[in-house]
Structures are given as structure tokens and as C-alpha cells.
file structure38.cif (mmCIF, C-alpha atoms)
data_query
loop_
_atom_site.group_PDB
_atom_site.id
_atom_site.type_symbol
_atom_site.label_atom_id
_atom_site.label_comp_id
_atom_site.auth_asym_id
_atom_site.auth_seq_id
_atom_site.Cartn_x
_atom_site.Cartn_y
_atom_site.Cartn_z
ATOM 1 C CA MET A 1 27.716 101.701 115.540
ATOM 2 C CA ILE A 2 30.813 99.832 116.709
ATOM 3 C CA PRO A 3 33.601 99.960 114.101
ATOM 4 C CA GLU A 4 34.566 96.510 112.796
ATOM 5 C CA LYS A 5 38.156 97.406 111.975
ATOM 6 C CA ASN A 6 40.387 98.701 114.745
ATOM 7 C CA PRO A 7 40.473 102.496 114.161
ATOM 8 C CA PHE A 8 43.634 102.774 116.260
ATOM 9 C CA VAL A 9 45.705 100.973 113.620
ATOM 10 C CA GLN A 10 48.172 103.482 112.194
ATOM 11 C CA ALA A 11 48.816 104.333 108.562
ATOM 12 C CA ASP A 12 51.855 102.022 108.483
ATOM 13 C CA GLY A 13 49.644 99.123 109.628
ATOM 14 C CA ALA A 14 51.185 98.953 113.115
ATOM 15 C CA LYS A 15 48.737 97.484 115.605
ATOM 16 C CA PRO A 16 48.506 99.513 118.807
ATOM 17 C CA THR A 17 48.888 97.910 122.214
ATOM 18 C CA CYS A 18 46.092 98.084 124.781
ATOM 19 C CA MET A 19 48.034 100.677 126.736
ATOM 20 C CA GLN A 20 48.535 102.876 123.716
ATOM 21 C CA MET A 21 44.786 102.812 123.039
ATOM 22 C CA LEU A 22 43.989 103.425 126.682
ATOM 23 C CA GLN A 23 46.252 106.458 126.825
ATOM 24 C CA LEU A 24 44.487 108.170 123.911
ATOM 25 C CA ILE A 25 41.114 107.535 125.536
ATOM 26 C CA LEU A 26 42.246 108.731 128.942
ATOM 27 C CA ASP A 27 43.718 111.962 127.581
ATOM 28 C CA ASP A 28 40.733 112.722 125.361
ATOM 29 C CA GLU A 29 42.861 112.418 122.229
ATOM 30 C CA ALA A 30 40.768 109.673 120.586
ATOM 31 C CA SER A 31 38.242 110.174 117.810
ATOM 32 C CA GLU A 32 34.570 109.269 118.284
ATOM 33 C CA GLU A 33 35.126 106.095 116.274
ATOM 34 C CA GLN A 34 38.112 105.135 118.438
ATOM 35 C CA ARG A 35 36.122 105.799 121.627
ATOM 36 C CA LEU A 36 33.319 103.503 120.491
ATOM 37 C CA TYR A 37 35.762 100.771 119.522
ATOM 38 C CA PHE A 38 37.584 100.983 122.846
ATOM 39 C CA LYS A 39 34.372 100.962 124.890
ATOM 40 C CA ASN A 40 33.432 97.712 123.220
ATOM 41 C CA HIS A 41 36.965 96.326 123.540
ATOM 42 C CA MET A 42 36.985 97.039 127.288
ATOM 43 C CA ASP A 43 33.980 94.754 127.792
ATOM 44 C CA SER A 44 36.087 91.786 126.789
ATOM 45 C CA CYS A 45 39.518 92.895 128.009
ATOM 46 C CA MET A 46 39.840 92.779 131.788
ATOM 47 C CA PRO A 47 43.339 94.352 131.932
ATOM 48 C CA CYS A 48 42.062 97.347 129.924
ATOM 49 C CA PHE A 49 39.014 97.683 132.162
ATOM 50 C CA LYS A 50 41.138 97.617 135.326
ATOM 51 C CA SER A 51 43.766 99.975 133.933
ATOM 52 C CA TYR A 52 41.122 102.412 132.741
ATOM 53 C CA SER A 53 39.523 102.590 136.199
ATOM 54 C CA LEU A 54 42.870 102.990 137.932
ATOM 55 C CA ASP A 55 44.350 105.521 135.505
ATOM 56 C CA SER A 56 41.190 107.645 135.563
ATOM 57 C CA ALA A 57 41.218 107.634 139.361
ATOM 58 C CA ILE A 58 44.869 108.706 139.449
ATOM 59 C CA LYS A 59 44.198 111.467 136.952
ATOM 60 C CA GLN A 60 41.331 112.784 139.089
ATOM 61 C CA LEU A 61 43.410 112.536 142.249
ATOM 62 C CA LEU A 62 46.254 114.499 140.650
ATOM 63 C CA LYS A 63 43.881 117.223 139.572
ATOM 64 C CA SER A 64 42.211 117.556 142.971
ATOM 65 C CA ARG A 65 45.401 117.410 145.056
ATOM 66 C CA CYS A 66 48.117 119.097 143.019
ATOM 67 C CA CYS A 67 46.500 122.207 141.547
ATOM 68 C CA ASN A 68 45.808 124.204 144.655
ATOM 69 C CA ASP A 69 48.808 126.492 144.856
ATOM 70 C CA SER A 70 47.875 130.130 144.470
ATOM 71 C CA VAL A 71 50.322 132.797 143.504
ATOM 72 C CA PRO A 72 51.904 134.493 146.567
ATOM 73 C CA PRO A 73 50.313 137.796 147.577
ATOM 74 C CA GLY A 74 51.976 140.833 146.076
ATOM 75 C CA LEU A 75 53.572 139.055 143.122
ATOM 76 C CA ILE A 76 51.182 140.466 140.514
ATOM 77 C CA GLU A 77 51.761 144.000 141.838
ATOM 78 C CA GLU A 78 55.526 143.428 141.828
ATOM 79 C CA ILE A 79 55.439 142.253 138.195
ATOM 80 C CA LYS A 80 53.331 145.252 137.140
ATOM 81 C CA PHE A 81 55.682 147.591 139.003
ATOM 82 C CA GLN A 82 58.709 146.101 137.208
ATOM 83 C CA ILE A 83 57.010 146.442 133.826
ATOM 84 C CA ASN A 84 56.136 150.079 134.493
ATOM 85 C CA GLN A 85 59.733 150.761 135.524
ATOM 86 C CA ASN A 86 61.043 149.113 132.355
ATOM 87 C CA THR A 87 58.646 150.867 129.998
ATOM 88 C CA ALA A 88 59.190 154.252 131.660
ATOM 89 C CA SER A 89 62.972 154.075 131.294
ATOM 90 C CA MET B 1 53.785 128.415 117.987
ATOM 91 C CA GLU B 2 52.145 131.840 117.800
ATOM 92 C CA GLU B 3 55.348 133.736 117.363
ATOM 93 C CA SER B 4 56.141 133.549 113.687
ATOM 94 C CA GLN B 5 54.877 136.969 112.663
ATOM 95 C CA LYS B 6 55.681 140.072 114.634
ATOM 96 C CA GLN B 7 52.666 142.116 115.720
ATOM 97 C CA HIS B 8 52.438 145.836 116.339
ATOM 98 C CA TYR B 9 50.571 146.875 119.464
ATOM 99 C CA SER B 10 50.015 150.241 121.132
ATOM 100 C CA ILE B 11 50.877 150.479 124.824
ATOM 101 C CA GLN B 12 47.144 150.250 125.649
ATOM 102 C CA GLU B 13 46.833 147.070 123.578
ATOM 103 C CA LYS B 14 49.903 145.596 125.251
ATOM 104 C CA ASN B 15 48.466 146.273 128.681
ATOM 105 C CA ALA B 16 45.094 144.845 127.664
ATOM 106 C CA ILE B 17 46.694 141.617 126.377
ATOM 107 C CA PHE B 18 48.818 141.357 129.481
ATOM 108 C CA ASN B 19 45.909 141.866 131.873
ATOM 109 C CA ASN B 20 43.236 139.917 129.991
ATOM 110 C CA GLU B 21 45.182 137.103 128.333
ATOM 111 C CA PHE B 22 48.364 136.593 130.378
ATOM 112 C CA LEU B 23 47.507 137.332 134.012
ATOM 113 C CA PRO B 24 44.504 134.951 134.263
ATOM 114 C CA HIS B 25 47.009 132.054 133.995
ATOM 115 C CA ILE B 26 49.227 133.175 136.854
ATOM 116 C CA ASN B 27 48.045 130.561 139.366
ATOM 117 C CA SER B 28 48.690 127.747 136.875
ATOM 118 C CA MET B 29 52.061 129.288 136.068
ATOM 119 C CA TYR B 30 52.996 129.468 139.736
ATOM 120 C CA ASN B 31 51.921 125.873 140.249
ATOM 121 C CA PHE B 32 54.030 124.811 137.248
ATOM 122 C CA GLY B 33 57.031 126.783 138.558
ATOM 123 C CA TYR B 34 56.631 125.285 141.990
ATOM 124 C CA ARG B 35 56.294 121.713 140.686
ATOM 125 C CA LEU B 36 59.426 122.180 138.575
ATOM 126 C CA THR B 37 61.636 123.764 141.229
ATOM 127 C CA LEU B 38 59.959 122.391 144.387
ATOM 128 C CA ASP B 39 60.777 125.705 146.049
ATOM 129 C CA GLN B 40 58.351 128.570 146.630
ATOM 130 C CA ASP B 41 60.908 131.363 146.248
ATOM 131 C CA ASP B 42 62.350 129.869 143.069
ATOM 132 C CA ALA B 43 58.830 129.420 141.699
ATOM 133 C CA LYS B 44 58.070 133.065 142.423
ATOM 134 C CA ASP B 45 61.255 134.190 140.640
ATOM 135 C CA LEU B 46 60.509 131.956 137.689
ATOM 136 C CA VAL B 47 56.961 133.294 137.331
ATOM 137 C CA GLN B 48 58.115 136.896 137.632
ATOM 138 C CA ASP B 49 60.845 136.343 135.070
ATOM 139 C CA THR B 50 58.380 134.660 132.695
ATOM 140 C CA TYR B 51 55.865 137.504 132.877
ATOM 141 C CA LEU B 52 58.545 140.145 132.369
ATOM 142 C CA LYS B 53 59.800 138.241 129.312
ATOM 143 C CA ALA B 54 56.242 137.794 128.043
ATOM 144 C CA PHE B 55 55.706 141.556 128.186
ATOM 145 C CA ARG B 56 59.076 142.288 126.583
ATOM 146 C CA PHE B 57 58.315 139.934 123.686
ATOM 147 C CA ILE B 58 54.581 140.641 123.544
ATOM 148 C CA GLU B 59 54.801 141.534 119.855
ATOM 149 C CA SER B 60 55.751 137.927 119.126
ATOM 150 C CA PHE B 61 52.378 136.941 120.540
ATOM 151 C CA GLN B 62 49.286 137.060 118.351
ATOM 152 C CA LYS B 63 46.271 138.402 120.243
ATOM 153 C CA GLY B 64 43.574 135.814 120.897
ATOM 154 C CA THR B 65 45.800 132.738 120.345
ATOM 155 C CA ASN B 66 46.857 130.216 122.968
ATOM 156 C CA ALA B 67 48.387 132.468 125.624
ATOM 157 C CA LYS B 68 48.598 129.731 128.223
ATOM 158 C CA ALA B 69 50.734 127.466 126.011
ATOM 159 C CA TRP B 70 52.915 130.432 125.021
ATOM 160 C CA LEU B 71 53.513 131.359 128.684
ATOM 161 C CA PHE B 72 54.182 127.762 129.709
ATOM 162 C CA ARG B 73 56.768 127.494 126.939
ATOM 163 C CA ILE B 74 58.570 130.624 128.144
ATOM 164 C CA LEU B 75 58.559 129.363 131.725
ATOM 165 C CA LYS B 76 59.846 125.939 130.679
ATOM 166 C CA ASN B 77 62.664 127.532 128.661
ATOM 167 C CA SER B 78 63.592 129.847 131.535
ATOM 168 C CA PHE B 79 63.682 126.862 133.842
ATOM 169 C CA ILE B 80 66.022 124.927 131.558
ATOM 170 C CA ASN B 81 68.257 127.800 130.486
ATOM 171 C CA ASP B 82 68.516 129.830 133.661
ATOM 172 C CA TYR B 83 67.438 127.823 136.652
ATOM 173 C CA ARG B 84 68.514 124.286 135.895
ATOM 174 C CA LYS B 85 72.002 125.303 134.744
ATOM 175 C CA LYS B 86 72.559 127.238 137.954
ATOM 176 C CA THR B 87 71.415 124.509 140.285
ATOM 177 C CA LYS B 88 71.456 120.893 139.288
ATOM 178 C CA GLU B 89 72.890 118.792 136.541
ATOM 179 C CA PRO B 90 70.613 118.155 133.597
ATOM 180 C CA SER B 91 68.540 115.026 133.929
ATOM 181 C CA LYS B 92 70.016 111.790 132.716
ATOM 182 C CA VAL B 93 66.966 110.044 131.379
ATOM 183 C CA ASP B 94 67.756 107.765 128.489
ATOM 184 C CA TYR B 95 64.912 108.619 126.136
ATOM 185 C CA GLN B 96 66.016 106.142 123.540
ATOM 186 C CA GLU B 97 65.473 103.429 126.093
ATOM 187 C CA VAL B 98 62.066 104.875 126.934
ATOM 188 C CA GLU B 99 61.054 104.935 123.272
ATOM 189 C CA MET B 100 62.174 101.366 122.741
ATOM 190 C CA TYR B 101 60.298 100.263 125.813
ATOM 191 C CA TYR B 102 57.117 101.981 124.743
ATOM 192 C CA ASN B 103 57.176 100.533 121.263
ATOM 193 C CA SER B 104 57.978 97.006 122.357
ATOM 194 C CA GLU B 105 55.599 94.145 123.057
ATOM 195 C CA GLU B 106 56.733 94.205 126.685
ATOM 196 C CA VAL B 107 54.533 97.160 127.332
ATOM 197 C CA ASP B 108 51.340 95.187 127.701
ATOM 198 C CA ARG B 109 52.688 92.862 130.320
ATOM 199 C CA GLN B 110 52.006 93.677 133.900
ATOM 200 C CA ILE B 111 55.146 95.560 134.844
ATOM 201 C CA THR B 112 53.947 97.906 137.526
ATOM 202 C CA PRO B 113 52.672 96.450 140.780
ATOM 203 C CA ASP B 114 48.959 95.805 140.840
ATOM 204 C CA LEU B 115 47.859 99.065 142.423
ATOM 205 C CA ARG B 116 44.142 99.187 143.166
ATOM 206 C CA VAL B 117 41.592 101.960 142.973
ATOM 207 C CA GLU B 118 40.509 101.189 146.563
ATOM 208 C CA SER B 119 43.965 101.947 147.927
ATOM 209 C CA LEU B 120 43.907 105.354 146.202
ATOM 210 C CA LYS B 121 40.814 106.325 148.173
ATOM 211 C CA ASP B 122 42.838 106.364 151.387
ATOM 212 C CA MET B 123 45.404 108.721 149.918
ATOM 213 C CA ILE B 124 43.851 111.830 151.355
ATOM 214 C CA GLY B 125 47.088 113.523 152.388
ATOM 215 C CA ASP B 126 50.141 114.496 150.388
ATOM 216 C CA GLU B 127 50.856 111.046 148.945
ATOM 217 C CA ILE B 128 49.957 111.854 145.352
ATOM 218 C CA SER B 129 51.728 115.204 145.484
ATOM 219 C CA ASN B 130 54.856 113.605 146.974
ATOM 220 C CA ALA B 131 54.768 110.825 144.394
ATOM 221 C CA LEU B 132 54.589 113.390 141.592
ATOM 222 C CA ASN B 133 57.383 115.496 143.095
ATOM 223 C CA ALA B 134 59.593 112.417 143.425
ATOM 224 C CA LEU B 135 59.624 111.820 139.667
ATOM 225 C CA ASP B 136 62.476 112.982 137.478
ATOM 226 C CA VAL B 137 61.685 116.520 136.298
ATOM 227 C CA ASP B 138 61.097 115.542 132.638
ATOM 228 C CA PHE B 139 58.579 112.893 133.627
ATOM 229 C CA ARG B 140 57.006 115.243 136.167
ATOM 230 C CA THR B 141 56.620 117.908 133.489
ATOM 231 C CA VAL B 142 54.529 115.819 131.101
ATOM 232 C CA ILE B 143 52.167 114.787 133.903
ATOM 233 C CA ILE B 144 51.757 118.402 135.006
ATOM 234 C CA LEU B 145 51.008 119.567 131.471
ATOM 235 C CA CYS B 146 48.632 116.726 130.625
ATOM 236 C CA ASP B 147 46.864 115.786 133.852
ATOM 237 C CA LEU B 148 46.976 119.014 135.854
ATOM 238 C CA GLU B 149 46.709 121.581 133.066
ATOM 239 C CA ASP B 150 44.795 119.630 130.393
ATOM 240 C CA PHE B 151 47.093 120.486 127.493
ATOM 241 C CA LYS B 152 46.619 118.434 124.313
ATOM 242 C CA TYR B 153 49.521 116.332 123.014
ATOM 243 C CA GLU B 154 50.076 118.780 120.176
ATOM 244 C CA GLU B 155 50.346 121.721 122.578
ATOM 245 C CA MET B 156 52.687 119.743 124.813
ATOM 246 C CA ALA B 157 54.921 118.953 121.844
ATOM 247 C CA LYS B 158 55.195 122.680 121.111
ATOM 248 C CA ILE B 159 55.779 123.670 124.722
ATOM 249 C CA LEU B 160 58.497 121.053 125.154
ATOM 250 C CA ASP B 161 59.993 121.130 121.634
ATOM 251 C CA ILE B 162 59.647 117.382 121.198
ATOM 252 C CA PRO B 163 57.723 115.217 118.675
ATOM 253 C CA ILE B 164 54.204 114.035 119.602
ATOM 254 C CA GLY B 165 55.434 110.422 119.648
ATOM 255 C CA THR B 166 57.904 111.370 122.361
ATOM 256 C CA VAL B 167 55.148 113.150 124.313
ATOM 257 C CA ARG B 168 53.150 109.910 124.292
ATOM 258 C CA SER B 169 56.004 107.641 125.259
ATOM 259 C CA ARG B 170 57.286 109.964 127.971
ATOM 260 C CA LEU B 171 53.791 110.317 129.394
ATOM 261 C CA HIS B 172 53.323 106.573 129.388
ATOM 262 C CA ARG B 173 56.595 105.962 131.221
ATOM 263 C CA ALA B 174 55.883 108.812 133.664
ATOM 264 C CA ARG B 175 52.572 107.219 134.603
ATOM 265 C CA GLN B 176 54.188 103.834 135.115
ATOM 266 C CA LEU B 177 56.728 105.397 137.469
ATOM 267 C CA LEU B 178 54.021 107.343 139.310
ATOM 268 C CA LYS B 179 52.086 104.108 139.846
ATOM 269 C CA GLU B 180 55.185 102.463 141.258
ATOM 270 C CA LYS B 181 55.556 105.300 143.777
ATOM 271 C CA LEU B 182 51.865 105.165 144.704
ATOM 272 C CA SER B 183 52.113 101.443 145.107
ATOM 273 C CA GLU B 184 54.953 101.915 147.610
ATOM 274 C CA TYR B 185 52.778 104.338 149.597
ATOM 275 C CA ALA B 186 49.850 101.920 149.462
ATOM 276 C CA LYS B 187 52.051 99.178 150.905
ATOM 277 C CA THR B 188 53.145 101.349 153.816
ATOM 278 C CA MET B 189 49.473 102.132 154.453
ATOM 279 C CA GLY B 190 48.811 98.465 154.934
ATOM 280 C CA TYR B 191 47.432 97.303 151.631
ATOM 281 C CA LYS B 192 48.845 93.906 150.845
ATOM 282 C CA ASN B 193 49.323 93.180 147.142
ATOM 283 C CA SER B 194 48.186 96.691 146.434
#

call {"tool": "encode", "arguments": {"input": "structure38.cif", "output": "C-alpha cells"}}
result
Amino acid sequence: MIPEKNPFVQADGAKPTCMQMLQLILDDEASEEQRLYFKNHMDSCMPCFKSYSLDSAIKQLLKSRCCNDSVPPGLIEEIKFQINQNTAS
Amino acid sequence: MEESQKQHYSIQEKNAIFNNEFLPHINSMYNFGYRLTLDQDDAKDLVQDTYLKAFRFIESFQKGTNAKAWLFRILKNSFINDYRKKTKEPSKVDYQEVEMYYNSEEVDRQITPDLRVESLKDMIGDEISNALNALDVDFRTVIILCDLEDFKYEEMAKILDIPIGTVRSRLHRARQLLKEKLSEYAKTMGYKNS
């Protein structure tokens, strides 16, 4: 069921902006109630819909292009060697 | 974080924690070190230093808790205290300005150029990586932690020693800046109004 009241409104009554809501959704920090509310909100808010598509695509692109560095060969052995030296002395 | 109470481990337990809980994160740690320093040798030194420190202070770590966040915090502190002091000046980001911006009504207006999803599809080379690397290190850091490593805001706040509100605002500003960079790339690739 779609919540009637905006569940993103904070305890002090401050109304969140679209971008603040979007960020919580995008980063999986929103509650189930907030997710439902936002899904419904997006149907009638074109800027949110566009930003959601774009921001999700950028997030995916970052993950697929910037996480591929593997540790240089020999580094694990070097670290273990140093630890053994330190604990032996 | 998980360091309030000192633990007592035998040497076998220490080695088991190190091998089973710390080492599985070494690729992420290297990637973080590289994205911070933008230099492979410096990244290697930073990772080595972090792991040696982690072993030295292993009794501050509670077995079975969030090892990845603990290691990232050590690496971040080493970067700030040892590496950054030696090399460059500290960053000059005015966070007060960022906070004010984030909390203002201005935020919902279209400030960044209208970058489109279609133009991202042609970014098959190093564009996104270069755009990320071009950001100021504090903005780069929050994107790495959130988007590359999937840390929650609460974990990020602990790793970076900043309030959650600052995590959110810094992340928001970082993404705006990243979109501006990507938009510049899209323009050079021939997308008009992209």
C-alpha cells in the first residue's frame, strides 16, 4: 500500500527535496515504506524519473569500470614476510 | 567502531583472523589506495602499511565484526596522516558551503548539465575512471566507498569520522561534480546538449 504521508519527512518536520529522496533510494538506505512512496512519486515527477535512470546508470558504470585493479603479485607474500619478521624479533 | 574493547588472541588466532578476515579484502584495499593516490607504487606502500598496522593492532579488532570497514579506516588514516602530509597540501574544500548548498532550495533546480543515459553507453573506455580520478580527493573518497565498495552511510561516517549528514551532502555534491565531468566528455564525443 502506498503511504499517504511522505515518509521521508524528518522528525523536525523538514520536507526533503526530490534529490534527497532519490539519494536514499539509489544507495539502498530507504525503508520499504519510503521505497513505495518514491516509486509512486516518480510516476508523476519527470525530473525524479530522469535523475533516477541517469544516477543508476552512472552507479553501474562506476562499479563495472573502476573496481578491476588487482593487488600486484608478490604483495601478499611481502606483507606476510614482514609480519613474520616483526613477530619473530 | 570495533575497537573499544581490547581482545586477547593467541598467535594462531591472530593468523586465522588475518588470513580469513583481513586478506580477502586486499583487492578492494589496493583499489582504494590506488584511487586515493593515483599511483601504483604509493598504493602498494599504503596497502602494505595498512596490513602491517592491522596485524600490530589486531587486538583492537573484535573477531567476526566488520573487518572491511576497520581496514578501510586504517588505510584512510594512513593516507591522511602519512601520505598526504608528505606530498600535497590538504584539500581546500569548503564544507560549510557544501552543507549550505545541499540544504538549500537551490538543490532541486537543474544545476548540472542535462547529461543523458544514452551518452553514457558510449563511454566504454576510461572516461568514467578519469572523471572519478579528476575529483577532489574528499569527493572521490565518498564515491569510492559508496558506489564502488557498497558501504552504508553509517559505515562511511565511521570510516571518515564525519556525521552521517555530512556523508550525504558530500556524496550529493560529489555526484554533481562527477556528472559535470561526464558531461564534458559527452560533449567531446559529439553529443550536443548532452

call {"tool": "interface_residues", "arguments": {"input": "structure38.cif", "of": "chain A", "to": "chain B", "cutoff": "10 Å", "atoms": "all atoms listed in the file", "output": "ChimeraX atom specification"}}
result
/A:16-20,23-24,26-29,47-48,50-51,53-72,75-76,78-80,82-83,86-87

call {"tool": "closest_residue", "arguments": {"input": "structure38.cif", "among": "A:Gln85, A:Gln10, A:Cys45, A:Met1", "to": "A:Leu22", "atoms": "only C-alpha atoms"}}
result
A:Cys45

call {"tool": "resolve_selection", "arguments": {"input": "structure38.cif", "expression": "the PyMOL selection byres ((chain B and resi 63) around 9)", "output": "list in words"}}
result
Gln7, Ile17, Glu21, Phe61, Gln62, Gly64, Thr65, Asn66 and Ala67 of chain B

call {"tool": "write_last_selection", "arguments": {"input": "structure38.cif", "atoms": "C-alpha atoms", "output": "short mmCIF file (atom, residue, chain, number, x, y, z; two decimals), keeping the file's coordinate frame"}}
result
data_model
loop_
_atom_site.label_atom_id
_atom_site.label_comp_id
_atom_site.auth_asym_id
_atom_site.auth_seq_id
_atom_site.Cartn_x
_atom_site.Cartn_y
_atom_site.Cartn_z
CA GLN B 7 52.67 142.12 115.72
CA ILE B 17 46.69 141.62 126.38
CA GLU B 21 45.18 137.10 128.33
CA PHE B 61 52.38 136.94 120.54
CA GLN B 62 49.29 137.06 118.35
CA GLY B 64 43.57 135.81 120.90
CA THR B 65 45.80 132.74 120.34
CA ASN B 66 46.86 130.22 122.97
CA ALA B 67 48.39 132.47 125.62
#

call {"tool": "atom_distance", "arguments": {"input": "structure38.cif", "atom1": "atom CA of A:Ile2", "atom2": "atom CA of A:Asn40"}}
result
7.3 Å

call {"tool": "atom_distance", "arguments": {"input": "structure38.cif", "atom1": "atom CA of A:Ala30", "atom2": "atom CA of B:Ile159"}}
result
20.9 Å
